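*Asks:* Pasting in a structure now, in structure tokens, and then I'll have a few things to ask.
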Amino acid sequence: MAGRGQAGRSLPWLGGFFVLAGVMHFVRPVPYVGIVPPWLPSAAPLVAVSGVAEIMGGAGVLVPATRRAAGVGLILLLVAVFPANIYMLTLAIAEAKPGWWQALLWLRLPFQPLMIWWVWRVAIQPAHPGIHQA
């Protein structure tokens, strides 16, 4: 983490966020299974795989030797699960969920690119532009 400035200081938060999110896939799987779009097969195994990926990615960004690879994996995962966020919103609209819940789900959509930026900034981007990390 040395020399990474503000990005380095957020590294434990990034890793912890993804580890906790991944663990929640196993502690409370039902909500995750419920937002897997119906065109994807085997919702429960997909939730388990994404949970393991989040745990591994979160732990991986904390280890300098695996940080970049884990960061790339987390970004790919964030892109892959984005359809679930959209599906969750469409379900809320179709089921006439409360307006505040729908508003939160709308606000969640731009959060995904911010998460991608955070992972890139902390785990992938070189500490000093123009200097490539090993």
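Starting from 1 in every chain, residues are counted up; chains themselves are A, B, ... following the order of the structure tokens, and ligands are numbered from 1 as listed.
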Might you pull out every residue within 10 Å of range 81-87 of chain A, with only C-alpha atoms counted and same-chain residues fewer than 2 positions away left off, and present them as a compact mmCIF listing (two decimals) with C-alpha atoms, in the first residue's frame?
*Replies:*
# COMPACT_ATOMS: atom_id res chain seq x y z
CA TYR A 32 -29.66 -12.78 -4.67
CA VAL A 33 -31.33 -15.76 -6.31
CA GLY A 34 -34.46 -13.67 -6.74
CA ILE A 35 -32.72 -11.03 -8.86
CA VAL A 36 -31.03 -13.40 -11.30
CA PRO A 37 -32.70 -12.69 -14.65
CA PRO A 38 -34.91 -15.59 -15.77
CA VAL A 47 -25.23 -16.77 -6.95
CA SER A 50 -20.54 -14.83 -7.90
CA LEU A 76 -15.52 -8.22 -15.03
CA LEU A 77 -17.80 -9.43 -12.23
CA LEU A 78 -19.34 -5.97 -11.80
CA VAL A 79 -20.09 -5.86 -15.52
CA LEU A 89 -35.47 -2.57 -10.86
CA THR A 90 -37.86 -3.96 -13.46
CA LEU A 91 -39.26 -6.37 -10.86
CA ALA A 92 -39.80 -3.53 -8.41
CA ILE A 93 -41.67 -1.54 -11.07
CA LEU A 105 -32.85 0.98 -7.36
CA TRP A 106 -32.65 3.73 -10.00
CA ARG A 108 -28.06 2.03 -7.75
CA LEU A 109 -27.57 1.79 -11.51
CA GLN A 112 -22.01 0.22 -10.66
CA PRO A 113 -19.72 2.34 -12.89
*Asks:* Give me the residues near Arg68 in chain A as a list in words, where near means some atom within 9 Å (using only C-alpha atoms) and where sequence neighbours in that chain fewer than 4 positions away do not count.
*Replies:*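 Surrounding residues, per the criterion: Gly60, Val61, Pro64, Val72, Gly73, Trp120, Ala123, Ile124 and Gln125 of chain A.
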*Asks:* With distances taken over only C-alpha atoms, which of A:Leu74, A:Ala21, A:Val63, A:Met88 is nearest to Gly51 in chain A?
*Replies:*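 Once distances to Gly51 in chain A are computed over only C-alpha atoms, the minimum belongs to A:Ala21.
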